[in-house]
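*Asks:* Contents are compact mmCIF, C-alpha atoms; file name model20.txt:
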```
# COMPACT_ATOMS: atom_id res chain seq x y z
CA MET N 914 0.00 0.00 0.00
CA THR N 915 1.32 3.43 -0.93
CA ARG N 916 1.54 6.18 1.66
CA ARG N 917 -1.26 8.14 -0.06
CA LYS N 918 -3.55 5.11 -0.13
CA ALA N 919 -2.71 4.31 3.48
CA LEU N 920 -3.63 7.82 4.58
CA ALA N 921 -6.84 7.69 2.56
CA ALA N 922 -7.75 4.36 4.15
CA THR N 923 -6.97 5.76 7.55
CA ALA N 924 -9.23 8.75 6.96
CA ALA N 925 -12.03 6.31 6.21
CA VAL N 926 -11.36 4.42 9.45
CA LEU N 927 -11.34 7.66 11.42
CA ALA N 928 -14.55 8.79 9.80
CA ALA N 929 -16.26 5.49 10.57
CA GLY N 930 -15.21 5.02 14.15
CA SER N 931 -13.28 7.76 15.83
CA LEU N 932 -15.37 10.82 15.15
CA THR N 933 -18.48 9.79 17.03
CA THR N 934 -17.83 12.25 19.89
CA GLY N 935 -19.81 15.41 19.27
CA CYS N 936 -18.78 18.90 20.26
CA GLY N 937 -21.72 19.21 22.64
CA GLY N 938 -21.43 22.39 24.66
CA ALA N 939 -18.49 24.02 22.87
CA ARG N 940 -18.95 27.77 22.96
CA PRO N 941 -18.93 29.47 19.55
CA GLY N 942 -17.08 32.67 18.75
CA THR N 943 -18.65 35.84 17.43
CA ASP N 944 -18.69 34.46 13.89
CA GLY N 945 -20.44 31.25 14.97
CA THR N 946 -17.28 29.13 14.95
CA ILE N 947 -14.76 28.10 17.56
CA THR N 948 -11.03 27.66 17.07
CA LEU N 949 -9.10 24.93 18.85
CA HIS N 950 -5.37 25.46 19.29
CA LEU N 951 -3.33 22.28 18.95
CA GLN N 952 0.32 22.31 20.06
CA GLY N 953 1.59 19.34 18.11
CA THR N 954 4.69 17.37 17.25
CA PRO N 955 6.66 17.82 14.00
CA GLN N 956 6.43 14.07 13.40
CA ASP N 957 2.67 14.30 12.97
CA GLN N 958 2.82 17.31 10.66
CA PRO N 959 1.82 15.29 7.55
CA LEU N 960 -1.18 13.93 9.44
CA TYR N 961 -2.35 17.34 10.60
CA ALA N 962 -2.38 18.52 7.01
CA ARG N 963 -4.14 15.46 5.58
CA LEU N 964 -6.49 14.27 8.31
CA LEU N 965 -7.62 17.30 10.29
CA PRO N 966 -9.78 18.59 7.40
CA ASP N 967 -11.86 15.45 7.85
CA PHE N 968 -12.26 16.27 11.54
CA THR N 969 -13.43 19.81 10.87
CA ALA N 970 -15.76 18.65 8.09
CA ARG N 971 -17.52 16.38 10.58
CA HIS N 972 -17.51 18.95 13.37
CA ARG N 973 -19.17 21.93 11.77
CA GLY N 974 -18.23 25.23 13.27
CA VAL N 975 -14.88 23.98 14.61
CA ARG N 976 -11.51 25.06 13.25
CA VAL N 977 -8.16 23.65 14.36
CA GLN N 978 -5.09 25.88 14.42
CA VAL N 979 -1.89 23.85 14.63
CA SER N 980 1.55 24.91 15.80
CA THR N 981 4.54 22.65 16.30
CA ALA N 982 7.80 23.04 18.15
CA ALA N 983 11.17 21.81 16.94
CA THR N 984 11.83 20.25 20.36
CA ALA N 985 9.70 18.73 23.07
CA LYS N 986 10.68 21.30 25.71
CA PRO N 987 7.42 21.95 27.54
CA ALA N 988 8.21 25.42 28.93
CA VAL N 989 6.18 27.40 26.38
CA PRO N 990 3.01 25.26 26.47
CA VAL N 991 3.22 24.99 30.27
CA ALA N 992 3.54 28.76 30.63
CA GLY N 993 0.62 29.28 28.30
CA VAL N 994 -1.61 26.82 30.13
CA VAL N 995 -0.71 28.43 33.44
CA ALA N 996 -1.72 31.81 32.01
CA GLY N 997 -4.97 30.36 30.70
CA ALA N 998 -3.99 31.23 27.14
CA GLY N 999 -2.19 28.08 26.05
CA PRO N 1000 -3.24 25.40 23.58
CA ASP N 1001 -6.49 23.53 24.03
CA VAL N 1002 -4.79 20.23 23.18
CA LEU N 1003 -1.05 19.68 23.38
CA TRP N 1004 1.68 17.12 22.80
CA GLY N 1005 4.59 16.36 25.08
CA ASN N 1006 7.09 13.66 25.99
CA ASP N 1007 7.71 14.63 29.61
CA PRO N 1008 4.66 14.29 31.86
CA VAL N 1009 6.41 15.72 34.94
CA PRO N 1010 5.67 19.46 34.41
CA TYR N 1011 2.01 18.68 33.83
CA LEU N 1012 1.56 16.23 36.69
CA ALA N 1013 3.34 18.50 39.17
CA GLN N 1014 0.55 21.08 38.92
CA PRO N 1015 -3.06 20.84 37.71
CA LEU N 1016 -2.58 22.10 34.17
CA LEU N 1017 -4.30 19.35 32.21
CA ALA N 1018 -7.89 18.22 32.47
CA ASP N 1019 -8.65 15.03 34.34
CA LEU N 1020 -9.81 12.74 31.55
CA THR N 1021 -11.46 10.19 33.85
CA PRO N 1022 -14.98 11.73 33.68
CA TRP N 1023 -14.78 12.00 29.90
CA ILE N 1024 -13.69 8.38 29.51
CA GLY N 1025 -16.40 7.33 31.94
CA ARG N 1026 -19.02 8.58 29.49
CA GLY N 1027 -18.05 5.75 27.16
CA GLY N 1028 -16.77 5.58 23.61
CA TYR N 1029 -13.05 5.48 24.41
CA ASP N 1030 -11.46 2.14 25.26
CA LEU N 1031 -8.44 2.39 27.56
CA GLN N 1032 -7.95 -1.38 27.29
CA ALA N 1033 -6.17 -0.69 23.99
CA PHE N 1034 -3.20 0.55 26.03
CA GLY N 1035 -1.17 -1.26 28.65
CA ALA N 1036 -1.95 -0.40 32.26
CA ASN N 1037 1.75 0.20 32.93
CA VAL N 1038 1.88 2.75 30.11
CA LEU N 1039 -1.15 4.59 31.42
CA ALA N 1040 0.39 4.62 34.90
CA ALA N 1041 2.95 7.16 33.65
CA PHE N 1042 0.08 9.61 33.09
CA ARG N 1043 -1.84 9.10 36.32
CA ARG N 1044 -1.87 10.87 39.64
CA GLY N 1045 -4.03 9.21 42.23
CA GLY N 1046 -7.21 8.08 40.55
CA SER N 1047 -6.98 10.62 37.73
CA LEU N 1048 -5.66 10.21 34.19
CA PHE N 1049 -4.29 13.36 32.56
CA MET N 1050 -2.87 12.23 29.20
CA LEU N 1051 -3.51 9.69 26.45
CA PRO N 1052 -0.54 7.87 24.87
CA ARG N 1053 0.56 8.85 21.39
CA SER N 1054 3.42 6.38 20.90
CA LEU N 1055 5.42 3.82 22.83
CA SER N 1056 9.02 2.98 21.97
CA PRO N 1057 10.39 -0.06 23.83
CA GLN N 1058 14.08 -0.92 23.86
CA ALA N 1059 16.07 -4.03 23.01
CA TYR N 1060 19.73 -4.96 22.57
CA ALA N 1061 21.56 -5.19 19.26
CA VAL N 1062 24.30 -7.83 19.55
CA ARG N 1063 27.24 -8.22 17.18
CA LEU N 1064 27.20 -11.80 15.88
CA ASP N 1065 30.95 -11.83 15.22
CA ARG N 1066 31.62 -11.12 18.90
CA LEU N 1067 29.23 -13.91 19.91
CA THR N 1068 30.92 -16.36 17.53
CA ALA N 1069 34.37 -15.45 18.82
CA ALA N 1070 33.17 -16.13 22.37
CA HIS N 1071 31.46 -19.41 21.31
CA LEU N 1072 28.04 -18.05 22.29
CA GLN N 1073 24.60 -18.28 20.71
CA PRO N 1074 22.32 -15.23 20.45
CA PRO N 1075 20.19 -14.96 23.58
CA ALA N 1076 16.64 -16.17 23.12
CA ALA N 1077 13.46 -14.75 24.62
CA GLY N 1078 13.24 -15.86 28.22
CA THR N 1079 16.98 -15.79 28.86
CA THR N 1080 17.41 -15.00 32.54
CA ALA N 1081 19.33 -12.10 34.03
CA ALA N 1082 21.84 -14.58 35.49
CA GLU N 1083 22.43 -16.09 32.05
CA PHE N 1084 22.85 -12.61 30.59
CA SER N 1085 25.42 -11.82 33.26
CA THR N 1086 27.44 -14.89 32.28
CA MET N 1087 27.25 -13.92 28.61
CA TRP N 1088 28.29 -10.34 29.34
CA ALA N 1089 31.28 -11.54 31.31
CA ARG N 1090 32.43 -13.71 28.40
CA LEU N 1091 31.91 -10.91 25.89
CA SER N 1092 33.65 -8.27 27.96
CA SER N 1093 37.16 -7.27 26.97
CA GLY N 1094 37.77 -6.09 30.52
CA GLY N 1095 37.61 -2.68 32.05
CA ARG N 1096 34.49 -0.55 31.93
CA VAL N 1097 32.79 2.02 29.76
CA GLY N 1098 34.19 5.49 30.40
CA GLY N 1099 32.12 7.91 32.44
CA ALA N 1100 29.60 7.20 35.13
CA LEU N 1101 26.47 5.08 35.15
CA ASP N 1102 24.13 8.05 35.02
CA TRP N 1103 20.80 8.00 36.77
CA ARG N 1104 17.89 8.54 34.42
CA PRO N 1105 14.18 8.23 35.22
CA THR N 1106 13.82 5.70 32.40
CA SER N 1107 16.27 3.39 34.20
CA SER N 1108 13.57 2.56 36.74
CA PHE N 1109 12.46 -0.38 34.57
CA TYR N 1110 15.40 -2.35 35.99
CA LEU N 1111 13.77 -2.08 39.38
CA ARG N 1112 10.44 -3.33 38.01
CA GLY N 1113 12.18 -6.47 36.80
CA TRP N 1114 13.29 -7.15 40.36
CA GLY N 1115 9.84 -6.54 41.79
CA ALA N 1116 10.83 -3.12 43.09
CA HIS N 1117 10.04 0.53 42.43
CA LEU N 1118 11.74 3.89 42.40
CA VAL N 1119 8.51 5.64 43.44
CA ASP N 1120 6.15 4.15 46.02
CA PRO N 1121 3.12 3.02 43.94
CA GLY N 1122 0.77 4.26 46.64
CA ASN N 1123 2.37 7.64 47.25
CA PRO N 1124 4.27 9.68 44.64
CA ARG N 1125 5.98 11.63 47.45
CA ARG N 1126 7.78 8.59 48.82
CA CYS N 1127 10.83 6.75 47.43
CA ALA N 1128 10.97 2.95 47.41
CA LEU N 1129 14.73 2.52 46.89
CA GLY N 1130 15.22 1.36 50.48
CA THR N 1131 13.46 -1.98 49.96
CA ALA N 1132 15.34 -5.27 49.82
CA ALA N 1133 14.29 -5.87 46.20
CA ALA N 1134 15.53 -2.44 45.09
CA ILE N 1135 18.89 -2.93 46.84
CA ALA N 1136 19.29 -6.37 45.24
CA CYS N 1137 18.67 -4.80 41.83
CA GLY N 1138 21.15 -2.01 42.52
CA ARG N 1139 23.86 -4.45 43.54
CA TRP N 1140 23.29 -6.42 40.33
CA MET N 1141 23.57 -3.22 38.27
CA TRP N 1142 26.79 -2.31 40.12
CA ASP N 1143 28.31 -5.73 39.39
CA GLN N 1144 27.45 -5.56 35.68
CA PHE N 1145 28.69 -2.03 35.24
CA TRP N 1146 32.02 -2.60 36.91
CA SER N 1147 32.82 -6.05 35.57
CA CYS N 1148 31.09 -6.20 32.20
CA GLY N 1149 30.36 -2.63 31.15
CA CYS N 1150 32.28 -3.00 27.91
CA ALA N 1151 29.89 -5.68 26.75
CA GLN N 1152 26.60 -4.05 27.69
CA GLY N 1153 27.13 -0.71 26.09
CA PRO N 1154 24.04 1.23 27.20
CA PHE N 1155 26.18 3.74 29.07
CA GLY N 1156 29.31 5.70 28.33
CA PRO N 1157 30.41 7.88 25.40
CA ASN N 1158 30.60 7.10 21.68
CA ARG N 1159 28.39 4.03 21.83
CA THR N 1160 27.53 4.12 18.13
CA ALA N 1161 31.14 4.35 16.98
CA ARG N 1162 32.32 1.72 19.45
CA PHE N 1163 29.62 -0.73 18.40
CA ALA N 1164 30.46 -0.14 14.72
CA THR N 1165 34.15 -0.91 15.30
CA GLY N 1166 33.53 -3.88 17.59
CA GLY N 1167 34.56 -2.11 20.77
CA LEU N 1168 31.11 -2.87 22.14
CA ALA N 1169 29.52 -6.26 21.64
CA MET N 1170 26.00 -5.02 22.31
CA ARG N 1171 24.14 -1.77 22.74
CA LEU N 1172 20.65 -0.50 23.34
CA VAL N 1173 18.39 0.46 20.45
CA SER N 1174 14.79 1.70 20.55
CA ALA N 1175 11.87 0.83 18.30
CA ALA N 1176 11.71 4.47 17.18
CA GLY N 1177 15.36 4.40 16.13
CA ILE N 1178 15.65 0.89 14.70
CA VAL N 1179 15.31 1.87 11.02
CA GLY N 1180 18.12 4.43 11.32
CA PHE N 1181 20.21 1.95 13.29
CA ALA N 1182 19.81 -0.70 10.59
CA ALA N 1183 20.82 1.79 7.89
CA ALA N 1184 23.91 2.89 9.82
CA HIS N 1185 25.14 -0.66 10.46
CA GLN N 1186 24.51 -2.38 7.14
CA PRO N 1187 27.96 -4.00 6.83
CA ILE N 1188 27.72 -5.51 10.32
CA ARG N 1189 26.01 -8.78 11.15
CA TRP N 1190 23.95 -8.16 14.26
CA ARG N 1191 20.85 -9.55 15.88
CA LEU N 1192 18.08 -7.96 17.89
CA THR N 1193 17.81 -9.41 21.39
CA PRO N 1194 15.10 -8.79 24.01
CA PHE N 1195 15.85 -7.81 27.56
CA PRO N 1196 16.39 -10.77 29.88
CA ARG N 1197 13.85 -12.23 32.23
CA TRP N 1198 14.54 -10.64 35.58
CA PRO N 1199 13.99 -12.32 38.98
CA ALA N 1200 10.44 -10.95 39.24
CA GLY N 1201 9.61 -11.41 35.56
CA PRO N 1202 10.10 -9.68 32.20
CA ALA N 1203 10.56 -5.91 32.11
CA THR N 1204 11.66 -3.63 29.29
CA GLY N 1205 12.44 0.07 29.28
CA ALA N 1206 10.27 2.23 27.04
CA LEU N 1207 9.89 5.85 25.99
CA VAL N 1208 6.39 7.25 25.68
CA ASP N 1209 4.81 10.52 24.62
CA PHE N 1210 1.29 11.83 24.84
CA TYR N 1211 -1.48 14.26 24.00
CA GLY N 1212 -3.41 16.05 26.74
CA MET N 1213 -6.22 18.58 27.09
CA SER N 1214 -5.78 21.87 28.90
CA ALA N 1215 -7.83 22.22 32.06
CA ALA N 1216 -8.39 25.85 31.06
CA THR N 1217 -9.79 25.25 27.57
CA PRO N 1218 -13.00 27.20 26.99
CA HIS N 1219 -14.14 24.47 24.57
CA PRO N 1220 -13.83 21.20 26.53
CA HIS N 1221 -16.27 19.15 24.44
CA ALA N 1222 -14.58 20.08 21.17
CA ALA N 1223 -11.13 19.61 22.73
CA TRP N 1224 -12.10 16.13 23.92
CA ALA N 1225 -13.35 15.26 20.43
CA LEU N 1226 -10.01 16.37 18.98
CA LEU N 1227 -8.01 14.53 21.63
CA THR N 1228 -9.80 11.26 20.99
CA TYR N 1229 -9.37 11.74 17.25
CA ILE N 1230 -5.58 12.20 17.33
CA THR N 1231 -5.05 9.26 19.72
CA SER N 1232 -7.39 6.89 17.88
CA ALA N 1233 -6.38 3.63 16.24
CA GLY N 1234 -6.84 5.19 12.81
CA TRP N 1235 -4.57 8.10 13.61
CA GLN N 1236 -1.83 5.88 15.05
CA GLN N 1237 -2.09 3.61 12.04
CA ALA N 1238 -1.57 6.64 9.79
CA ALA N 1239 1.43 7.68 11.90
CA ILE N 1240 2.98 4.24 11.33
CA HIS N 1241 2.73 4.64 7.56
CA ALA N 1242 3.63 8.31 7.36
CA ALA N 1243 6.52 8.51 9.84
CA ARG N 1244 7.14 4.97 11.20
CA VAL N 1245 5.95 6.07 14.65
CA PRO N 1246 5.80 3.14 17.11
CA PRO N 1247 2.16 2.89 18.20
CA ALA N 1248 0.95 3.06 21.78
CA ARG N 1249 -1.95 0.75 20.95
CA ARG N 1250 -1.00 -2.88 21.40
CA SER N 1251 -3.12 -4.12 18.50
CA LEU N 1252 -1.08 -2.12 15.96
CA TRP N 1253 2.35 -3.63 16.59
CA GLY N 1254 1.95 -6.15 13.77
CA ALA N 1255 1.36 -3.25 11.37
CA PHE N 1256 4.39 -1.41 12.76
CA ALA N 1257 6.65 -4.45 12.25
CA THR N 1258 5.47 -4.77 8.65
CA ARG N 1259 6.07 -1.07 8.00
CA ILE N 1260 9.62 -0.91 9.33
CA ALA N 1261 10.54 -4.10 7.49
CA GLN N 1262 9.41 -2.35 4.30
CA ALA N 1263 11.49 0.71 5.17
CA ALA N 1264 14.61 -1.34 5.99
CA PRO N 1265 14.53 -4.77 4.32
CA PRO N 1266 17.27 -6.21 6.60
CA LEU N 1267 14.81 -5.84 9.48
CA ALA N 1268 12.57 -8.45 7.86
CA HIS N 1269 15.06 -11.04 9.13
CA GLN N 1270 15.27 -9.63 12.64
CA PRO N 1271 13.13 -10.92 15.55
CA LEU N 1272 11.06 -7.76 15.94
CA SER N 1273 9.13 -9.50 18.69
CA ALA N 1274 11.92 -8.14 20.92
CA PHE N 1275 9.96 -4.89 20.65
CA SER N 1276 6.38 -6.06 20.20
CA ALA N 1277 6.23 -8.80 22.85
CA PRO N 1278 6.85 -6.48 25.85
CA VAL N 1279 4.21 -4.05 24.56
CA GLU N 1280 1.62 -6.75 23.94
CA ALA N 1281 2.32 -8.32 27.35
CA ASP N 1282 2.24 -4.91 29.11
CA VAL N 1283 5.77 -5.25 30.49
CA ALA N 1284 7.17 -2.19 28.70
CA TYR N 1285 7.71 0.33 31.49
CA PRO N 1286 7.99 4.11 31.07
CA GLN N 1287 9.71 6.17 33.71
CA GLU N 1288 8.43 6.45 37.25
CA THR N 1289 8.20 10.02 38.52
CA PHE N 1290 7.70 11.70 41.87
CA ALA N 1291 5.12 14.34 42.70
CA ASP N 1292 7.94 16.88 42.51
CA GLN N 1293 10.59 15.42 40.24
CA ALA N 1294 13.12 18.27 40.47
CA PRO N 1295 14.06 17.82 44.15
CA ALA N 1296 14.16 14.04 43.71
CA THR N 1297 16.54 14.41 40.76
CA ALA N 1298 18.69 16.78 42.80
CA VAL N 1299 19.05 14.05 45.42
CA LEU N 1300 19.54 11.12 43.07
CA THR N 1301 22.10 12.60 40.68
CA PRO N 1302 24.97 13.12 43.15
CA LEU N 1303 24.19 9.95 45.12
CA TRP N 1304 24.15 7.90 41.92
CA ALA N 1305 27.58 9.25 41.04
CA GLU N 1306 28.84 8.32 44.50
CA MET N 1307 27.64 4.76 43.97
CA PHE N 1308 28.32 4.21 40.27
CA GLY N 1309 30.75 6.96 39.27
CA PRO N 1310 34.47 6.68 38.51
CA ASN N 1311 35.34 7.47 42.14
CA ALA N 1312 32.57 5.48 43.77
CA LYS N 1313 32.77 5.64 47.54
CA LEU N 1314 29.27 4.58 48.58
CA SER N 1315 27.88 1.06 48.35
CA VAL N 1316 24.41 0.40 46.97
CA ARG N 1317 23.41 -1.02 50.35
CA GLN N 1318 24.30 2.34 51.89
CA GLY N 1319 23.26 4.62 49.06
CA PHE N 1320 19.77 3.37 48.17
CA PRO N 1321 18.28 3.77 51.69
CA LEU N 1322 20.04 7.14 52.00
CA ALA N 1323 18.48 8.26 48.72
CA ALA N 1324 15.04 7.15 49.92
CA THR N 1325 15.39 9.07 53.19
CA ARG N 1326 16.55 12.26 51.47
CA ILE N 1327 13.90 12.09 48.73
CA ASP N 1328 11.12 11.52 51.28
CA ALA N 1329 12.28 14.67 53.11
CA ALA N 1330 12.51 16.67 49.85
CA GLU N 1331 9.09 15.50 48.71
CA ALA N 1332 7.31 16.16 51.99
CA PRO N 1333 4.39 18.56 51.36
CA ARG N 1334 5.16 22.08 52.45
CA THR N 1335 2.78 23.67 54.94
```
Written as structure tokens, how would this file's structure read?

*Replies:*
Amino acid sequence: MTRRKALAATAAVLAAGSLTTGCGGARPGTDGTITLHLQGTPQDQPLYARLLPDFTARHRGVRVQVSTAATAKPAVPVAGVVAGAGPDVLWGNDPVPYLAQPLLADLTPWIGRGGYDLQAFGANVLAAFRRGGSLFMLPRSLSPQAYAVRLDRLTAAHLQPPAAGTTAAEFSTMWARLSSGGRVGGALDWRPTSSFYLRGWGAHLVDPGNPRRCALGTAAAIACGRWMWDQFWSCGCAQGPFGPNRTARFATGGLAMRLVSAAGIVGFAAAHQPIRWRLTPFPRWPAGPATGALVDFYGMSAATPHPHAAWALLTYITSAGWQQAAIHAARVPPARRSLWGAFATRIAQAAPPLAHQPLSAFSAPVEADVAYPQETFADQAPATAVLTPLWAEMFGPNAKLSVRQGFPLAATRIDAAEAPRT
């Protein structure tokens, strides 16, 4: 199917199923129309141009004005929403600024009216957009990660490519055999997206019941941290997710394996055509499978003067038809689990070598709902200020603090920093 035909087919799907939400009580302007302001993403620019006219044709009296930013920095939309003059619907890839203060509308009452099926998304994905019992965003895309492993390095070490279900202990043994000794330069940096490691050990960074409490002091979290410490110091050269110049070092064989995301897999395949490599899923951790994932979203301003029309637009641009169009137009990994077969077909068309790769390394975690976005605190900034230096003291070049000491200390300091101010 050509891109034009795919977009035309998608428009038909959207017209048939996703545009059933009426504008209801949207307040018209002086000329009898209302204008919705959509702060979008450059990746969806072709879709805005081709598909939004269908939306406005079916919602008479509604116009959509689109603006996009070159980066995902949320400062401008956040400032606008705070001032009550921001976009009605907006895109972002960092939920923290919006969850830290009530800027976006709680979507729970709207979803409760029916017509929008949250079961299409994984519960762990939606958790990244919740505070308490409220849901503030709908997922646009989900990009899980996997390892790319150089087959020549495996052959030299007399190893077979890891299969799905390989345990963390088996991975550790493989990493040790692949390692050329030493460690990747630089520190093992703390990043919110690294919290998926903890999920695989049955632990959390953030207390699931209270976003102002840190869960790093638990036995499961400390066990995970000690495992990470062992791998970084003894086998860092083989893992390759941390340290500088990962792309160049993988290309020259200095790294046997490195992380790659679903969103970047086509570019990765193009950049490494001469190299024989194989896509490998994350191992099965002690508590079960867990994979890191990046996610972005669309949300609706709590201050929009046109909530019914904004909700109609929000459901339209997060619908199955829209995400299917995004797959064809820009190879965007879908957030909806049912579309991962279509995504695998599309990227194999874009990069024929991927047709021979086990793309289930990406799709299986999404379909099984074990692809975990970052965990965030109620106030992420003070938590990051605590974690960053402590992480360096545990995992940095001049580490002087053990994980057993550092994780409980981090939890104590974060709990104090997150305590509500009176």

*Asks:* Which distance in Å separates CA of Glu1306 (chain N) and CA of Asp1143 (chain N), to one decimal?

*Replies:*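 It comes out at 15.0 Å.
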
*Asks:* If you count only C-alpha atoms, which residues fall within 12 Å of Leu1031 (chain N), apart from same-chain ones fewer than 5 positions away, as a ChimeraX atom specification?

*Replies:* /N:1020-1021,1023-1025,1036-1040,1048,1050-1052,1228,1231-1233,1248-1250

*Asks:* Between CA of Thr948 (chain N) and CA of Ser980 (chain N), what is the distance in Å, rounded to a tenth?

*Replies:*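 Interatomic distance here is 12.9 Å.
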
*Asks:* Residues of region 982-1075 of chain N that approach region 1110-1130 of chain N to 12 Å or less, counting only C-alpha atoms: could you list each one with the shortest pair of atoms and its distance in Å to one decimal, rows by chain and increasing residue number, as JSON lines?

*Replies:*
```
{"residue": "N:Val1009", "atom": "CA", "partner": "N:Pro1124", "partner_atom": "CA", "distance": 11.6}
{"residue": "N:Leu1012", "atom": "CA", "partner": "N:Pro1124", "partner_atom": "CA", "distance": 10.7}
{"residue": "N:Ala1013", "atom": "CA", "partner": "N:Pro1124", "partner_atom": "CA", "distance": 10.4}
{"residue": "N:Asn1037", "atom": "CA", "partner": "N:Arg1112", "partner_atom": "CA", "distance": 10.7}
{"residue": "N:Ala1040", "atom": "CA", "partner": "N:Pro1121", "partner_atom": "CA", "distance": 9.6}
{"residue": "N:Ala1041", "atom": "CA", "partner": "N:Pro1121", "partner_atom": "CA", "distance": 11.1}
{"residue": "N:Arg1043", "atom": "CA", "partner": "N:Pro1124", "partner_atom": "CA", "distance": 10.3}
{"residue": "N:Arg1044", "atom": "CA", "partner": "N:Pro1124", "partner_atom": "CA", "distance": 8.0}
{"residue": "N:Gly1045", "atom": "CA", "partner": "N:Gly1122", "partner_atom": "CA", "distance": 8.2}
{"residue": "N:Gly1046", "atom": "CA", "partner": "N:Gly1122", "partner_atom": "CA", "distance": 10.7}
```

*Asks:* For Asp1007 (chain N), which of N:Leu1227, N:Phe1042, N:Val1179, N:Pro1321 is the closest residue, counting all atoms listed in the file?

*Replies:*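 Closest to Asp1007 (chain N), using all atoms listed in the file: N:Phe1042.
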
*Asks:* Excluding same-chain residues fewer than 4 positions from Ser1107 (chain N), what lies within 10 Å of it counting only C-alpha atoms, as a PyMOL selection string?

*Replies:* chain N and resi 1102-1103+1111-1112+1118+1204-1206+1285-1288

*Asks:* What does the distance between CA of Val1283 (chain N) and CA of Ser1108 (chain N) come to in Å, to one decimal place?

*Replies:*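 Rounded to one decimal, the two atoms are 12.7 Å apart.
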
*Asks:* Pick the closest to Pro1075 (chain N) from N:Trp1235, N:Phe1195, N:Phe1034, N:Phe1049: which is it, counting all atoms listed in the file?

*Replies:*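 Closest residue, counting all atoms listed in the file: N:Phe1195.
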
*Asks:* Select, from N:Val1002, N:Ala1243, N:Val1208, N:Ala1077, the residue with the minimum atom-to-atom distance to Gly1035 (chain N), counting all atoms listed in the file.

*Replies:*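 Nearest candidate to Gly1035 (chain N) out of N:Val1002, N:Ala1243, N:Val1208, N:Ala1077: N:Val1208.
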
*Asks:* Contacts of Ala1169 (chain N) at 7 Å or less, counting all atoms listed in the file, minus same-chain residues fewer than 4 places along, as an mmCIF file with C-alpha atoms, keeping the file's coordinate frame?

*Replies:*
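Contents of part03.cif, as written:
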```cif
data_model
loop_
_atom_site.group_PDB
_atom_site.id
_atom_site.type_symbol
_atom_site.label_atom_id
_atom_site.label_comp_id
_atom_site.auth_asym_id
_atom_site.auth_seq_id
_atom_site.Cartn_x
_atom_site.Cartn_y
_atom_site.Cartn_z
ATOM 1 C CA VAL N 1062 24.300 -7.830 19.550
ATOM 2 C CA ARG N 1063 27.240 -8.220 17.180
ATOM 3 C CA ARG N 1066 31.620 -11.120 18.900
ATOM 4 C CA LEU N 1091 31.910 -10.910 25.890
ATOM 5 C CA ALA N 1151 29.890 -5.680 26.750
ATOM 6 C CA PHE N 1163 29.620 -0.730 18.400
#
```

*Asks:* Enumerate, as a list of chain:residue names, the protein, DNA and RNA residues whose atoms approach (-10.3, 25.2, 14.6) to within 7 Å, taking into account only C-alpha atoms and the coordinate frame of the file.

*Replies:*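 Here is the list of nearby residues: N:Ile947, N:Thr948, N:Leu949, N:His950, N:Val975, N:Arg976, N:Val977, N:Gln978.
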
*Asks:* Kindly indicate which residue among N:Ile1135, N:Ala1175, N:His1219, N:Thr1301 lies nearest to Ala1284 (chain N), using all atoms listed in the file for the distances.

*Replies:*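 The answer is N:Ala1175, which sits nearest to Ala1284 (chain N).
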
*Asks:* Applying 7 Å and all atoms listed in the file, which residues near Val1299 (chain N) remain after dropping the ones on its own chain fewer than 2 positions away? List them as a PDB file with C-alpha atoms, keeping the file's coordinate frame.

*Replies:*
```
ATOM      1  CA  PRO N1295      14.060  17.820  44.150  1.00  0.00           C
ATOM      2  CA  ALA N1296      14.160  14.040  43.710  1.00  0.00           C
ATOM      3  CA  THR N1297      16.540  14.410  40.760  1.00  0.00           C
ATOM      4  CA  THR N1301      22.100  12.600  40.680  1.00  0.00           C
ATOM      5  CA  PRO N1302      24.970  13.120  43.150  1.00  0.00           C
ATOM      6  CA  LEU N1303      24.190   9.950  45.120  1.00  0.00           C
ATOM      7  CA  ALA N1323      18.480   8.260  48.720  1.00  0.00           C
ATOM      8  CA  ARG N1326      16.550  12.260  51.470  1.00  0.00           C
ATOM      9  CA  ILE N1327      13.900  12.090  48.730  1.00  0.00           C
TER      10      ILE N1327
END
```

*Asks:* From the list N:Pro1074, N:Pro955, N:Pro1246, N:Gly1212, which residue is nearest Ile1230 (chain N) when using only C-alpha atoms?

*Replies:*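 Ranking N:Pro1074, N:Pro955, N:Pro1246, N:Gly1212 by distance to Ile1230 (chain N), first place goes to N:Gly1212.
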
*Asks:* For the point (-3.2, 20.0, 31.0) in the file's frame, write as a short mmCIF file (atom, residue, chain, number, x, y, z; two decimals) with C-alpha atoms, in the frame of the given file all residues with an atom no more than 10 Å away, counting all atoms listed in the file.

*Replies:*
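Okay, this is what ended up in point_23.cif:
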```cif
data_model
loop_
_atom_site.label_atom_id
_atom_site.label_comp_id
_atom_site.auth_asym_id
_atom_site.auth_seq_id
_atom_site.Cartn_x
_atom_site.Cartn_y
_atom_site.Cartn_z
CA PRO N 990 3.01 25.26 26.47
CA VAL N 991 3.22 24.99 30.27
CA VAL N 994 -1.61 26.82 30.13
CA VAL N 995 -0.71 28.43 33.44
CA GLY N 999 -2.19 28.08 26.05
CA PRO N 1000 -3.24 25.40 23.58
CA ASP N 1001 -6.49 23.53 24.03
CA VAL N 1002 -4.79 20.23 23.18
CA LEU N 1003 -1.05 19.68 23.38
CA TRP N 1004 1.68 17.12 22.80
CA PRO N 1008 4.66 14.29 31.86
CA PRO N 1010 5.67 19.46 34.41
CA TYR N 1011 2.01 18.68 33.83
CA LEU N 1012 1.56 16.23 36.69
CA GLN N 1014 0.55 21.08 38.92
CA PRO N 1015 -3.06 20.84 37.71
CA LEU N 1016 -2.58 22.10 34.17
CA LEU N 1017 -4.30 19.35 32.21
CA ALA N 1018 -7.89 18.22 32.47
CA ASP N 1019 -8.65 15.03 34.34
CA LEU N 1020 -9.81 12.74 31.55
CA PHE N 1049 -4.29 13.36 32.56
CA MET N 1050 -2.87 12.23 29.20
CA TYR N 1211 -1.48 14.26 24.00
CA GLY N 1212 -3.41 16.05 26.74
CA MET N 1213 -6.22 18.58 27.09
CA SER N 1214 -5.78 21.87 28.90
CA ALA N 1215 -7.83 22.22 32.06
CA ALA N 1216 -8.39 25.85 31.06
CA THR N 1217 -9.79 25.25 27.57
#
```
